[in-house]
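Here is the file structure06.pdb (PDB, C-alpha atoms).
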ATOM      1  CA  MET A 205     -20.020  43.859  68.508  1.00  0.00           C
ATOM      2  CA  SER A 206     -19.648  40.188  69.504  1.00  0.00           C
ATOM      3  CA  SER A 207     -18.036  37.662  67.245  1.00  0.00           C
ATOM      4  CA  ILE A 208     -19.346  34.152  66.706  1.00  0.00           C
ATOM      5  CA  PRO A 209     -17.048  31.547  68.259  1.00  0.00           C
ATOM      6  CA  PRO A 210     -15.704  28.928  65.869  1.00  0.00           C
ATOM      7  CA  GLN A 211     -17.598  25.647  65.902  1.00  0.00           C
ATOM      8  CA  ASN A 212     -15.945  22.270  65.981  1.00  0.00           C
ATOM      9  CA  ILE A 213     -17.252  19.968  63.286  1.00  0.00           C
ATOM     10  CA  GLN A 214     -16.874  16.294  63.922  1.00  0.00           C
ATOM     11  CA  TRP A 215     -17.082  13.769  61.083  1.00  0.00           C
ATOM     12  CA  VAL A 216     -18.256  10.304  61.938  1.00  0.00           C
ATOM     13  CA  GLN A 217     -17.578   7.547  59.458  1.00  0.00           C
ATOM     14  CA  SER A 218     -20.265   4.898  59.394  1.00  0.00           C
ATOM     15  CA  PRO A 219     -19.142   1.269  59.370  1.00  0.00           C
ATOM     16  CA  ALA A 220     -19.222  -0.604  56.102  1.00  0.00           C
ATOM     17  CA  LEU A 221     -22.552  -2.210  55.421  1.00  0.00           C
ATOM     18  CA  ALA A 222     -22.609  -5.934  56.070  1.00  0.00           C
ATOM     19  CA  PRO A 223     -23.789  -8.151  53.244  1.00  0.00           C
ATOM     20  CA  PRO A 224     -27.431  -9.165  53.553  1.00  0.00           C
ATOM     21  CA  LEU A 225     -28.025 -12.383  55.428  1.00  0.00           C
ATOM     22  CA  GLY A 226     -29.670 -15.188  53.526  1.00  0.00           C
ATOM     23  CA  PRO A 227     -30.631 -18.806  54.013  1.00  0.00           C
ATOM     24  CA  ASP A 228     -27.039 -19.995  53.476  1.00  0.00           C
ATOM     25  CA  SER A 229     -23.708 -19.300  55.137  1.00  0.00           C
ATOM     26  CA  ILE A 230     -21.981 -16.098  53.941  1.00  0.00           C
ATOM     27  CA  PRO A 231     -18.445 -14.688  54.227  1.00  0.00           C
ATOM     28  CA  ILE A 232     -18.338 -11.800  56.699  1.00  0.00           C
ATOM     29  CA  ILE A 233     -16.079 -10.153  59.266  1.00  0.00           C
ATOM     30  CA  CYS A 234     -17.337 -10.954  62.764  1.00  0.00           C
ATOM     31  CA  THR A 235     -18.286  -7.817  64.702  1.00  0.00           C
ATOM     32  CA  SER A 236     -17.277  -9.481  67.963  1.00  0.00           C
ATOM     33  CA  CYS A 237     -13.879 -11.116  67.315  1.00  0.00           C
ATOM     34  CA  GLY A 238     -12.925  -9.297  64.074  1.00  0.00           C
ATOM     35  CA  GLN A 239     -12.073 -12.505  62.195  1.00  0.00           C
ATOM     36  CA  SER A 240     -12.955 -13.108  58.554  1.00  0.00           C
ATOM     37  CA  ILE A 241     -15.330 -16.092  58.717  1.00  0.00           C
ATOM     38  CA  PHE A 242     -18.168 -17.949  57.022  1.00  0.00           C
ATOM     39  CA  THR A 243     -21.224 -17.744  59.269  1.00  0.00           C
ATOM     40  CA  SER A 244     -22.629 -20.829  60.964  1.00  0.00           C
ATOM     41  CA  THR A 245     -26.343 -21.225  60.326  1.00  0.00           C
ATOM     42  CA  SER A 246     -29.093 -22.925  62.273  1.00  0.00           C
ATOM     43  CA  ARG A 247     -32.778 -23.161  61.422  1.00  0.00           C
ATOM     44  CA  LYS A 248     -35.622 -22.711  63.877  1.00  0.00           C
ATOM     45  CA  ALA A 249     -39.354 -23.050  63.254  1.00  0.00           C
ATOM     46  CA  LYS A 250     -41.408 -19.880  63.572  1.00  0.00           C
ATOM     47  CA  ALA A 251     -44.318 -19.732  65.996  1.00  0.00           C
ATOM     48  CA  ALA A 252     -46.682 -19.781  62.998  1.00  0.00           C
ATOM     49  CA  ALA A 253     -45.367 -23.238  62.067  1.00  0.00           C
ATOM     50  CA  TRP A 254     -46.149 -24.606  65.513  1.00  0.00           C
ATOM     51  CA  TRP A 255     -49.628 -23.038  65.496  1.00  0.00           C
ATOM     52  CA  SER A 256     -50.250 -24.626  62.096  1.00  0.00           C
ATOM     53  CA  CYS A 257     -49.171 -28.010  63.483  1.00  0.00           C
ATOM     54  CA  MET A 258     -51.604 -27.702  66.360  1.00  0.00           C
ATOM     55  CA  LEU A 259     -54.423 -26.635  64.038  1.00  0.00           C
ATOM     56  CA  LEU A 260     -53.776 -29.586  61.734  1.00  0.00           C
ATOM     57  CA  SER A 261     -53.763 -32.003  64.663  1.00  0.00           C
ATOM     58  CA  PHE A 262     -57.079 -30.609  65.960  1.00  0.00           C
ATOM     59  CA  CYS A 263     -58.548 -31.088  62.489  1.00  0.00           C
ATOM     60  CA  GLY A 264     -57.682 -34.783  62.666  1.00  0.00           C
ATOM     61  CA  CYS A 265     -54.515 -35.009  60.572  1.00  0.00           C
ATOM     62  CA  CYS A 266     -52.106 -37.788  61.426  1.00  0.00           C
ATOM     63  CA  PHE A 267     -48.939 -37.014  63.384  1.00  0.00           C
ATOM     64  CA  GLY A 268     -46.643 -37.026  60.333  1.00  0.00           C
ATOM     65  CA  CYS A 269     -48.818 -34.589  58.391  1.00  0.00           C
ATOM     66  CA  CYS A 270     -48.989 -32.216  61.337  1.00  0.00           C
ATOM     67  CA  LEU A 271     -45.233 -31.636  61.189  1.00  0.00           C
ATOM     68  CA  ILE A 272     -45.173 -30.561  57.538  1.00  0.00           C
ATOM     69  CA  PRO A 273     -45.219 -26.793  58.354  1.00  0.00           C
ATOM     70  CA  CYS A 274     -42.012 -27.211  60.401  1.00  0.00           C
ATOM     71  CA  CYS A 275     -40.235 -28.620  57.324  1.00  0.00           C
ATOM     72  CA  LEU A 276     -41.107 -25.736  54.993  1.00  0.00           C
ATOM     73  CA  HIS A 277     -38.365 -23.154  54.439  1.00  0.00           C
ATOM     74  CA  SER A 278     -40.877 -20.306  54.565  1.00  0.00           C
ATOM     75  CA  CYS A 279     -41.885 -21.357  58.102  1.00  0.00           C
ATOM     76  CA  ASN A 280     -38.312 -21.275  59.453  1.00  0.00           C
ATOM     77  CA  VAL A 281     -35.897 -18.526  60.441  1.00  0.00           C
ATOM     78  CA  VAL A 282     -32.140 -18.893  59.918  1.00  0.00           C
ATOM     79  CA  ASN A 283     -29.840 -17.657  62.688  1.00  0.00           C
ATOM     80  CA  HIS A 284     -26.279 -16.672  61.728  1.00  0.00           C
ATOM     81  CA  THR A 285     -23.485 -16.988  64.307  1.00  0.00           C
ATOM     82  CA  CYS A 286     -19.686 -16.796  64.321  1.00  0.00           C
ATOM     83  CA  PRO A 287     -18.033 -20.246  64.375  1.00  0.00           C
ATOM     84  CA  ASN A 288     -15.034 -18.836  66.320  1.00  0.00           C
ATOM     85  CA  CYS A 289     -16.647 -16.937  69.191  1.00  0.00           C
ATOM     86  CA  ASN A 290     -20.319 -18.036  68.823  1.00  0.00           C
ATOM     87  CA  ALA A 291     -21.465 -14.398  68.630  1.00  0.00           C
ATOM     88  CA  TYR A 292     -24.956 -13.863  67.212  1.00  0.00           C
ATOM     89  CA  LEU A 293     -24.634 -11.986  63.891  1.00  0.00           C
ATOM     90  CA  GLY A 294     -28.207 -11.770  62.686  1.00  0.00           C
ATOM     91  CA  GLN A 295     -31.274 -13.547  61.414  1.00  0.00           C
ATOM     92  CA  TYR A 296     -32.792 -14.258  58.011  1.00  0.00           C
ATOM     93  CA  ARG A 297     -36.592 -14.403  57.858  1.00  0.00           C
ATOM     94  CA  PRO A 298     -38.076 -15.513  54.524  1.00  0.00           C
TER      95      PRO A 298
END
What would you get if you wrote out this structure as structure tokens?
Amino acid sequence: MSSIPPQNIQWVQSPALAPPLGPDSIPIICTSCGQSIFTSTSRKAKAAAWWSCMLLSFCGCCFGCCLIPCCLHSCNVVNHTCPNCNAYLGQYRP
């Protein structure tokens, strides 16, 4: 009769969940440098905002009105980076 060899069980602890990213700077521990920081944020227009600008300009809107979609918060993404090491930490998309 053969016996079953003992099995090694390995427990893996998952890292703590990071707080959700939002439109504003948040306190977080940088995954790159390990420092406790407030994220640096920068806004960038989505492709949909630029397509809307082009569509408005083709419809005859003046130049100032064509740029309105780029000013709307819902048409921008917010990139979060570390101010110490400039590591990319994530993106908020409304």
message = Ranking A:Ala253, A:Leu276, A:Ile233, A:Thr245 by minimum distance to Gln295 of chain A and counting only C-alpha atoms, which one comes first?
response =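 That would be A:Thr245, the residue with the smallest distance to Gln295 of chain A.
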ask   = What lies within 9 Å of segment 226-228 of chain A using only C-alpha atoms, ignoring chain neighbours under 2 positions off, as a ChimeraX atom specification?
value = /A:224,230,243-245,247,277,281-284,295-298
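Taking atom CA of Cys257 of chain A and atom CA of Leu271 of chain A as endpoints, the distance between them is 5.8 Å.
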request  = For each of A:Cys286, A:Cys275, A:Leu260, A:Cys265, take the minimum atom-to-atom distance to Gly238 of chain A, counting only C-alpha atoms, then give the residue where this is smallest.
outcome  =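 The shortest atom-to-atom distance to Gly238 of chain A comes from A:Cys286.
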message = Please determine, counting only C-alpha atoms, which residue among A:Lys250, A:Gly264, A:Ala291, A:Ser256 has the shortest atom-to-atom distance to Cys279 of chain A.
response = A:Lys250
message = For a quick check of understanding, using all atoms listed in the file, which of A:Met258, A:Ala251, A:Cys274, A:Leu293 has the smallest distance to Ser229 of chain A?
response = A:Leu293
